[in-house]
Each structure stands twice: as C-alpha cells, then as structure tokens.
Amino acid sequence: MQDRNFDDIAEKFARNIYGTTKGQLRQAILWQDLDSLLAASGDRPLRVLDAGGGEGQTAIKMAERGHHVTLCDLSAEMISRARLAAENKGVSDNMHFVQCPAQDIAQHLETPVDLILFHAVLEWIAEPQRVLDTLWSVLRPGGALSLMFYNVNGLLMHNMVAGNFDYVQAGMPKKKKRTLSPDYPRDPQQVYGWLEAAGWHITGKTGVRVFHDYLREKHQQHDCFAALLELETRYCRQEPYISLGRYIHVTARKPQEDARITDE
C-alpha cells in the first residue's frame, strides 16, 4: 500500500475540486470553523502546519492573516503551485515549503506548532494512525488540530441516491487507481476513536456538503449557491447531517499535559 502522490493529476485536481461549487462550499464551511478556532486562540500570530497542504489555498489565507505557515506535501508539483500562489499573494515571507510526506514532517520542524491543518489527506494514507501520531508529536500541549476527512457514509449515500445498488452491494471498491476518488474512505466513528485513543479532546464536528452533492437538480448547486450555503450552515453541525457530509471536519485539542506520558 502506498500513499497517493498528486504529481500526475495536479491540474485535474485543481480544476475538479477548487474550481467548482464543491470546493467553494467546502472552503466556506471549513473557514467558519477555522475562524472560531482562531478567535479562541487570541490575537497572537500562530505557528501553523498545513500537512498535505496541496496548492495552499487554506495555508495562504492563514498567512494573509499574519500567521506563520509551514506547508508540506508529498507532491513536488503541488509545492510548486503553492509557492507560486504565495508569491502572487505577497505572503511568501510568512510561509515555508517542505516537500515530504506528512509522516516525515517532524524532522523539518525546529519547534512544536500551535495549529495543525490536515485536510482531505487521511483518506489517501495507508497507515492513518501512524500519521496522526506524528501530528500529535509536533503539536504543542494545548494546541489544536483541524482534521477534515472523506466520509464513507457520504460515499454510500451518494451512490444510493444515484441508484448504484450493485456497487454498494460489492462494498464500493475503488474502480481506477489514478482518480480523484479517495483510496481509503473513512468511517467517522473509527476516526473519532483513533483521536480519542491517542489522547486528543474532540471539540467540534461539522459535516461538509451535507446537501450539495445529493441535490437532484444539479444546476441548483450553482444557481442557488447562496441559499444552499445558508442551509448547509444551519444544519451541518447537528446530527444526522454531520454523519451524512461528504467530508467531516473535526476540531480537537491536545491537552496541556500529555496524558500519554506517565511518571517513571
């Protein structure tokens, strides 16, 4: 099993994700949560790690707000795109770029960080608990994690709405190796369990695209975007809608004292 590198489809990724209402809605809901997270952290500049940060949309916005961001990604093409975008936005001085898998980021950081962004990466990683352990190790006590992952419940619902009964019956196997369909859709309860077992304190759960992808009239995704965003915002932080999101965004804190360290 290998983790996904997007060097070969970076342009397709940018076009099909961030160039659509899917990406616009995802960013809008995500930033509602991030704004709350940042407000709780006070006015000081934060040391932020964007692990698997891709083209840097979220990292650059963090840098524009005065935070110092380290962006790492396995893909050289994604790093190149992120670096160029940061230069165009005039925030290069607030950013540091590292080409490496998230599992190896510890050796590239001189000090622990205050906030970790880990968005739409967990579903591409073969050994998820290992990378979560790495992120724990580089986060300061009291620091925050922003984790967004591809939800297997949303994948199942999407296929059922489309009438793909045989595919669901077969366990929804990935059909092609080189597509934007994630390799390892995640069970929310399993992800929550991993976090809690590692010592994280979960502080929030948000469904991302809880209605958008299920609309029968697809033109409404664009034509009625404002109304759709308002309704997504109204319902996305309550069940059963959290568990039906195509993605789920979890915020968590590392306790001030690492509960996993015991006295010798």
# chains A, B, ... in the order shown; residues from 1 in each chain; ligands from 1

$ residues_around --residues "A:His249" --least-positions-apart "4" --cutoff "10 Å" --atoms "only C-alpha atoms" --output "list in words"
Arg26, Ile29, Leu30, Asp33, Phe118, His119, Ala120, Ser146, Leu147, Met148, Phe149, Tyr150, Asn151, Gly204, Lys205, Thr206, Gly207, Val208, Arg237, Ile242 and Gly245 of chain A

$ write_last_selection --atoms "C-alpha atoms" --output "PDB file, in the first residue's frame"
ATOM      1  CA  ARG A  26     -16.045  23.150   1.356  1.00  0.00           C
ATOM      2  CA  ILE A  29     -17.850  25.799   5.812  1.00  0.00           C
ATOM      3  CA  LEU A  30     -14.267  24.994   6.772  1.00  0.00           C
ATOM      4  CA  ASP A  33     -14.876  26.539  11.899  1.00  0.00           C
ATOM      5  CA  PHE A 118      -4.837  18.199   7.955  1.00  0.00           C
ATOM      6  CA  HIS A 119      -7.484  18.450   5.281  1.00  0.00           C
ATOM      7  CA  ALA A 120      -8.559  15.782   2.790  1.00  0.00           C
ATOM      8  CA  SER A 146      -8.182  20.793  12.231  1.00  0.00           C
ATOM      9  CA  LEU A 147      -8.852  17.436  10.558  1.00  0.00           C
ATOM     10  CA  MET A 148     -11.104  17.016   7.534  1.00  0.00           C
ATOM     11  CA  PHE A 149     -11.623  13.576   6.020  1.00  0.00           C
ATOM     12  CA  TYR A 150     -13.655  11.886   3.273  1.00  0.00           C
ATOM     13  CA  ASN A 151     -16.687  10.217   4.842  1.00  0.00           C
ATOM     14  CA  GLY A 204     -16.233  20.048  17.288  1.00  0.00           C
ATOM     15  CA  LYS A 205     -17.698  18.062  14.396  1.00  0.00           C
ATOM     16  CA  THR A 206     -19.040  19.553  11.163  1.00  0.00           C
ATOM     17  CA  GLY A 207     -20.492  17.891   8.099  1.00  0.00           C
ATOM     18  CA  VAL A 208     -19.143  19.378   4.873  1.00  0.00           C
ATOM     19  CA  ARG A 237     -23.201  20.875  12.923  1.00  0.00           C
ATOM     20  CA  ILE A 242     -22.849  15.649  10.312  1.00  0.00           C
ATOM     21  CA  GLY A 245     -21.482  15.056   4.915  1.00  0.00           C
TER      22      GLY A 245
END

$ residues_around --residues "stretch 182-186 of chain A" --least-positions-apart "3" --cutoff "8 Å" --atoms "only C-alpha atoms" --output "NGL selection string"
:A and (122-126 or 149-152 or 155 or 174 or 179 or 190-191)

$ residues_around --residues "A:Pro255" --least-positions-apart "3" --cutoff "10 Å" --atoms "only C-alpha atoms" --output "list in words"
Arg140, Pro141, Gly142, Gly143, Ala144, Gly199, Trp200, His201, Ala252, Asp258 and Ala259 of chain A

$ select_by_dssp --residues "stretch 64-125 of chain A" --states "strand (DSSP E or B)" --output "list in words"
His68, Val69, Thr70, Leu71, Cys72, Asp73, Met95, His96, Phe97, Val98, Gln99, Val113, Asp114, Leu115, Ile116, Leu117, Phe118 and His119 of chain A

$ write_last_selection --atoms "N, CA and C atoms" --output "PDB file, in the first residue's frame"
ATOM      1  N   HIS A  68       2.373  32.300  10.744  1.00  0.00           N
ATOM      2  CA  HIS A  68       3.495  31.697  10.022  1.00  0.00           C
ATOM      3  C   HIS A  68       3.155  30.248   9.713  1.00  0.00           C
ATOM      4  N   VAL A  69       3.161  29.898   8.437  1.00  0.00           N
ATOM      5  CA  VAL A  69       2.669  28.596   7.995  1.00  0.00           C
ATOM      6  C   VAL A  69       3.777  27.779   7.344  1.00  0.00           C
ATOM      7  N   THR A  70       3.925  26.566   7.815  1.00  0.00           N
ATOM      8  CA  THR A  70       4.751  25.576   7.118  1.00  0.00           C
ATOM      9  C   THR A  70       3.815  24.658   6.352  1.00  0.00           C
ATOM     10  N   LEU A  71       3.998  24.595   5.046  1.00  0.00           N
ATOM     11  CA  LEU A  71       3.181  23.718   4.204  1.00  0.00           C
ATOM     12  C   LEU A  71       4.052  22.573   3.716  1.00  0.00           C
ATOM     13  N   CYS A  72       3.621  21.355   3.973  1.00  0.00           N
ATOM     14  CA  CYS A  72       4.328  20.197   3.418  1.00  0.00           C
ATOM     15  C   CYS A  72       3.387  19.413   2.518  1.00  0.00           C
ATOM     16  N   ASP A  73       3.958  18.806   1.499  1.00  0.00           N
ATOM     17  CA  ASP A  73       3.182  17.955   0.604  1.00  0.00           C
ATOM     18  C   ASP A  73       4.131  16.966  -0.058  1.00  0.00           C
ATOM     19  N   MET A  95       5.594  32.086   4.923  1.00  0.00           N
ATOM     20  CA  MET A  95       5.397  30.671   4.606  1.00  0.00           C
ATOM     21  C   MET A  95       6.725  29.948   4.399  1.00  0.00           C
ATOM     22  N   HIS A  96       6.698  28.669   4.701  1.00  0.00           N
ATOM     23  CA  HIS A  96       7.843  27.783   4.499  1.00  0.00           C
ATOM     24  C   HIS A  96       7.317  26.523   3.826  1.00  0.00           C
ATOM     25  N   PHE A  97       8.004  26.072   2.785  1.00  0.00           N
ATOM     26  CA  PHE A  97       7.520  24.949   1.992  1.00  0.00           C
ATOM     27  C   PHE A  97       8.472  23.753   2.125  1.00  0.00           C
ATOM     28  N   VAL A  98       7.893  22.587   2.355  1.00  0.00           N
ATOM     29  CA  VAL A  98       8.674  21.366   2.514  1.00  0.00           C
ATOM     30  C   VAL A  98       8.055  20.260   1.666  1.00  0.00           C
ATOM     31  N   GLN A  99       8.846  19.682   0.771  1.00  0.00           N
ATOM     32  CA  GLN A  99       8.347  18.528   0.019  1.00  0.00           C
ATOM     33  C   GLN A  99       8.689  17.259   0.797  1.00  0.00           C
ATOM     34  N   VAL A 113       4.298  23.222  16.825  1.00  0.00           N
ATOM     35  CA  VAL A 113       3.386  24.199  16.224  1.00  0.00           C
ATOM     36  C   VAL A 113       2.154  24.377  17.111  1.00  0.00           C
ATOM     37  N   ASP A 114       1.412  25.468  16.851  1.00  0.00           N
ATOM     38  CA  ASP A 114       0.215  25.785  17.630  1.00  0.00           C
ATOM     39  C   ASP A 114      -1.058  25.207  17.018  1.00  0.00           C
ATOM     40  N   LEU A 115      -1.038  25.046  15.697  1.00  0.00           N
ATOM     41  CA  LEU A 115      -2.229  24.603  14.978  1.00  0.00           C
ATOM     42  C   LEU A 115      -1.806  23.733  13.802  1.00  0.00           C
ATOM     43  N   ILE A 116      -2.479  22.610  13.649  1.00  0.00           N
ATOM     44  CA  ILE A 116      -2.228  21.719  12.508  1.00  0.00           C
ATOM     45  C   ILE A 116      -3.475  21.657  11.644  1.00  0.00           C
ATOM     46  N   LEU A 117      -3.293  21.888  10.360  1.00  0.00           N
ATOM     47  CA  LEU A 117      -4.343  21.692   9.356  1.00  0.00           C
ATOM     48  C   LEU A 117      -4.046  20.378   8.640  1.00  0.00           C
ATOM     49  N   PHE A 118      -5.019  19.502   8.601  1.00  0.00           N
ATOM     50  CA  PHE A 118      -4.837  18.199   7.955  1.00  0.00           C
ATOM     51  C   PHE A 118      -6.130  17.889   7.218  1.00  0.00           C
ATOM     52  N   HIS A 119      -6.224  18.423   6.011  1.00  0.00           N
ATOM     53  CA  HIS A 119      -7.484  18.450   5.281  1.00  0.00           C
ATOM     54  C   HIS A 119      -7.446  17.559   4.040  1.00  0.00           C
TER      55      HIS A 119
END

$ closest_residue --among "A:Gln24, A:Gln256, A:Ser137, A:Arg246" --to "A:Gln107" --atoms "only C-alpha atoms"
A:Ser137

$ atom_distance --atom1 "atom CA of A:Leu37" --atom2 "atom CA of A:Ala86"
22.8 Å

$ closest_residue --among "A:Cys236, A:Ala28, A:Val210, A:Val121" --to "A:Leu180" --atoms "only C-alpha atoms"
A:Val121

$ closest_residue --among "A:Leu139, A:Leu215, A:Leu25, A:Ala106" --to "A:Arg47" --atoms "only C-alpha atoms"
A:Leu139

$ atom_distance --atom1 "atom CA of A:His212" --atom2 "atom CA of A:Gln57"
21.0 Å

$ atom_distance --atom1 "atom CA of A:Thr203" --atom2 "atom CA of A:Gln32"
14.4 Å

$ closest_residue --among "A:Thr111, A:Ser243, A:Ser80, A:Asn164" --to "A:Gly53" --atoms "only C-alpha atoms"
A:Ser80

$ residues_around --residues "A:Gln129" --least-positions-apart "4" --cutoff "12 Å" --atoms "only C-alpha atoms" --output "list in words"
Gln103, Leu122, Glu123, Ile125, Asp133, Thr134, Leu135, Trp136, Gln190, Val191, Tyr192, Gly193, Trp194, Leu195, Glu196, Ala197 and Ala198 of chain A

$ closest_residue --among "A:Trp31, A:Tyr241, A:Tyr167, A:Phe211" --to "A:Leu229" --atoms "only C-alpha atoms"
A:Phe211

$ residues_around --residues "A:Tyr214" --least-positions-apart "4" --cutoff "12 Å" --atoms "only C-alpha atoms" --output "list in words"
Lys22, Gly154, Leu155, Leu156, Met157, His158, Asn159, Met160, Val161, Ala162, Gly163, Arg209, Val210, Lys218, His219, Gln220, Gln221, Leu228, Leu244, Gly245 and Arg246 of chain A

$ decode --residues "stretch 209-221 of chain A" --atoms "all heavy atoms" --output "mmCIF file, in the first residue's frame"
data_model
loop_
_atom_site.group_PDB
_atom_site.id
_atom_site.type_symbol
_atom_site.label_atom_id
_atom_site.label_comp_id
_atom_site.auth_asym_id
_atom_site.auth_seq_id
_atom_site.Cartn_x
_atom_site.Cartn_y
_atom_site.Cartn_z
ATOM 1 N N ARG A 209 -20.652 19.676 3.022
ATOM 2 C CA ARG A 209 -21.522 19.286 1.896
ATOM 3 C C ARG A 209 -22.516 18.220 2.356
ATOM 4 O O ARG A 209 -22.496 17.083 1.908
ATOM 5 C CB ARG A 209 -20.720 18.827 0.679
ATOM 6 C CG ARG A 209 -19.766 19.884 0.159
ATOM 7 C CD ARG A 209 -19.313 19.722 -1.282
ATOM 8 N NE ARG A 209 -19.137 18.402 -1.776
ATOM 9 C CZ ARG A 209 -17.952 17.812 -1.992
ATOM 10 N NH1 ARG A 209 -16.827 18.470 -1.709
ATOM 11 N NH2 ARG A 209 -17.889 16.608 -2.493
ATOM 12 N N VAL A 210 -23.397 18.623 3.250
ATOM 13 C CA VAL A 210 -24.402 17.693 3.768
ATOM 14 C C VAL A 210 -25.624 17.607 2.851
ATOM 15 O O VAL A 210 -26.414 16.667 2.955
ATOM 16 C CB VAL A 210 -24.844 18.082 5.199
ATOM 17 C CG1 VAL A 210 -23.656 18.077 6.142
ATOM 18 C CG2 VAL A 210 -25.534 19.438 5.246
ATOM 19 N N PHE A 211 -25.797 18.598 1.952
ATOM 20 C CA PHE A 211 -26.898 18.598 0.990
ATOM 21 C C PHE A 211 -26.419 18.695 -0.457
ATOM 22 O O PHE A 211 -27.008 18.084 -1.352
ATOM 23 C CB PHE A 211 -27.852 19.782 1.267
ATOM 24 C CG PHE A 211 -28.443 19.803 2.639
ATOM 25 C CD1 PHE A 211 -28.395 20.956 3.409
ATOM 26 C CD2 PHE A 211 -29.069 18.682 3.165
ATOM 27 C CE1 PHE A 211 -28.941 20.993 4.681
ATOM 28 C CE2 PHE A 211 -29.624 18.700 4.443
ATOM 29 C CZ PHE A 211 -29.558 19.862 5.200
ATOM 30 N N HIS A 212 -25.393 19.488 -0.688
ATOM 31 C CA HIS A 212 -24.939 19.868 -2.023
ATOM 32 C C HIS A 212 -24.890 18.693 -3.002
ATOM 33 O O HIS A 212 -25.460 18.750 -4.100
ATOM 34 C CB HIS A 212 -23.564 20.525 -1.905
ATOM 35 C CG HIS A 212 -22.893 20.857 -3.201
ATOM 36 N ND1 HIS A 212 -22.248 19.918 -3.984
ATOM 37 C CD2 HIS A 212 -22.742 22.048 -3.861
ATOM 38 C CE1 HIS A 212 -21.749 20.498 -5.057
ATOM 39 N NE2 HIS A 212 -22.028 21.787 -5.001
ATOM 40 N N ASP A 213 -24.238 17.621 -2.641
ATOM 41 C CA ASP A 213 -23.992 16.530 -3.583
ATOM 42 C C ASP A 213 -25.220 15.657 -3.820
ATOM 43 O O ASP A 213 -25.233 14.845 -4.749
ATOM 44 C CB ASP A 213 -22.846 15.648 -3.089
ATOM 45 C CG ASP A 213 -21.518 16.384 -3.066
ATOM 46 O OD1 ASP A 213 -21.509 17.615 -2.913
ATOM 47 O OD2 ASP A 213 -20.478 15.718 -3.185
ATOM 48 N N TYR A 214 -26.239 15.815 -2.978
ATOM 49 C CA TYR A 214 -27.431 14.967 -3.094
ATOM 50 C C TYR A 214 -28.573 15.647 -3.850
ATOM 51 O O TYR A 214 -29.636 15.046 -4.033
ATOM 52 C CB TYR A 214 -27.924 14.567 -1.699
ATOM 53 C CG TYR A 214 -26.847 13.958 -0.824
ATOM 54 C CD1 TYR A 214 -26.554 14.486 0.420
ATOM 55 C CD2 TYR A 214 -26.121 12.845 -1.255
ATOM 56 C CE1 TYR A 214 -25.566 13.935 1.228
ATOM 57 C CE2 TYR A 214 -25.130 12.292 -0.457
ATOM 58 C CZ TYR A 214 -24.857 12.839 0.779
ATOM 59 O OH TYR A 214 -23.875 12.286 1.563
ATOM 60 N N LEU A 215 -28.383 16.886 -4.283
ATOM 61 C CA LEU A 215 -29.441 17.600 -4.998
ATOM 62 C C LEU A 215 -29.787 16.891 -6.307
ATOM 63 O O LEU A 215 -28.908 16.521 -7.087
ATOM 64 C CB LEU A 215 -29.006 19.035 -5.299
ATOM 65 C CG LEU A 215 -28.805 19.968 -4.102
ATOM 66 C CD1 LEU A 215 -28.335 21.337 -4.576
ATOM 67 C CD2 LEU A 215 -30.090 20.100 -3.285
ATOM 68 N N ARG A 216 -31.062 16.717 -6.560
ATOM 69 C CA ARG A 216 -31.492 16.075 -7.819
ATOM 70 C C ARG A 216 -31.254 16.992 -9.008
ATOM 71 O O ARG A 216 -30.873 16.542 -10.084
ATOM 72 C CB ARG A 216 -32.986 15.707 -7.716
ATOM 73 C CG ARG A 216 -33.267 14.588 -6.731
ATOM 74 C CD ARG A 216 -34.761 14.427 -6.486
ATOM 75 N NE ARG A 216 -35.493 14.127 -7.707
ATOM 76 C CZ ARG A 216 -36.828 14.036 -7.768
ATOM 77 N NH1 ARG A 216 -37.549 14.259 -6.687
ATOM 78 N NH2 ARG A 216 -37.432 13.748 -8.891
ATOM 79 N N GLU A 217 -31.488 18.282 -8.807
ATOM 80 C CA GLU A 217 -31.273 19.267 -9.866
ATOM 81 C C GLU A 217 -29.886 19.873 -9.677
ATOM 82 O O GLU A 217 -29.699 20.787 -8.868
ATOM 83 C CB GLU A 217 -32.352 20.345 -9.815
ATOM 84 C CG GLU A 217 -33.778 19.830 -9.963
ATOM 85 C CD GLU A 217 -34.043 19.246 -11.341
ATOM 86 O OE1 GLU A 217 -33.349 19.664 -12.299
ATOM 87 O OE2 GLU A 217 -34.933 18.391 -11.460
ATOM 88 N N LYS A 218 -28.903 19.355 -10.394
ATOM 89 C CA LYS A 218 -27.514 19.747 -10.167
ATOM 90 C C LYS A 218 -27.264 21.227 -10.455
ATOM 91 O O LYS A 218 -26.343 21.822 -9.881
ATOM 92 C CB LYS A 218 -26.575 18.880 -11.020
ATOM 93 C CG LYS A 218 -26.622 17.396 -10.672
ATOM 94 C CD LYS A 218 -26.278 17.133 -9.208
ATOM 95 C CE LYS A 218 -26.304 15.660 -8.863
ATOM 96 N NZ LYS A 218 -26.101 15.416 -7.413
ATOM 97 N N HIS A 219 -28.076 21.836 -11.328
ATOM 98 C CA HIS A 219 -27.859 23.258 -11.632
ATOM 99 C C HIS A 219 -28.086 24.125 -10.402
ATOM 100 O O HIS A 219 -27.575 25.246 -10.315
ATOM 101 C CB HIS A 219 -28.779 23.703 -12.774
ATOM 102 C CG HIS A 219 -30.248 23.696 -12.415
ATOM 103 N ND1 HIS A 219 -30.864 24.770 -11.818
ATOM 104 C CD2 HIS A 219 -31.201 22.731 -12.557
ATOM 105 C CE1 HIS A 219 -32.146 24.480 -11.612
ATOM 106 N NE2 HIS A 219 -32.373 23.254 -12.048
ATOM 107 N N GLN A 220 -28.836 23.612 -9.409
ATOM 108 C CA GLN A 220 -29.081 24.383 -8.195
ATOM 109 C C GLN A 220 -27.807 24.559 -7.367
ATOM 110 O O GLN A 220 -27.725 25.491 -6.563
ATOM 111 C CB GLN A 220 -30.161 23.702 -7.350
ATOM 112 C CG GLN A 220 -31.541 23.731 -7.985
ATOM 113 C CD GLN A 220 -32.584 23.071 -7.102
ATOM 114 O OE1 GLN A 220 -32.359 22.000 -6.548
ATOM 115 N NE2 GLN A 220 -33.727 23.731 -6.956
ATOM 116 N N GLN A 221 -26.830 23.674 -7.565
ATOM 117 C CA GLN A 221 -25.569 23.822 -6.850
ATOM 118 C C GLN A 221 -24.929 25.174 -7.148
ATOM 119 O O GLN A 221 -24.312 25.783 -6.278
ATOM 120 C CB GLN A 221 -24.612 22.682 -7.226
ATOM 121 C CG GLN A 221 -25.087 21.310 -6.787
ATOM 122 C CD GLN A 221 -24.221 20.183 -7.349
ATOM 123 O OE1 GLN A 221 -23.426 20.400 -8.271
ATOM 124 N NE2 GLN A 221 -24.367 18.986 -6.806
#
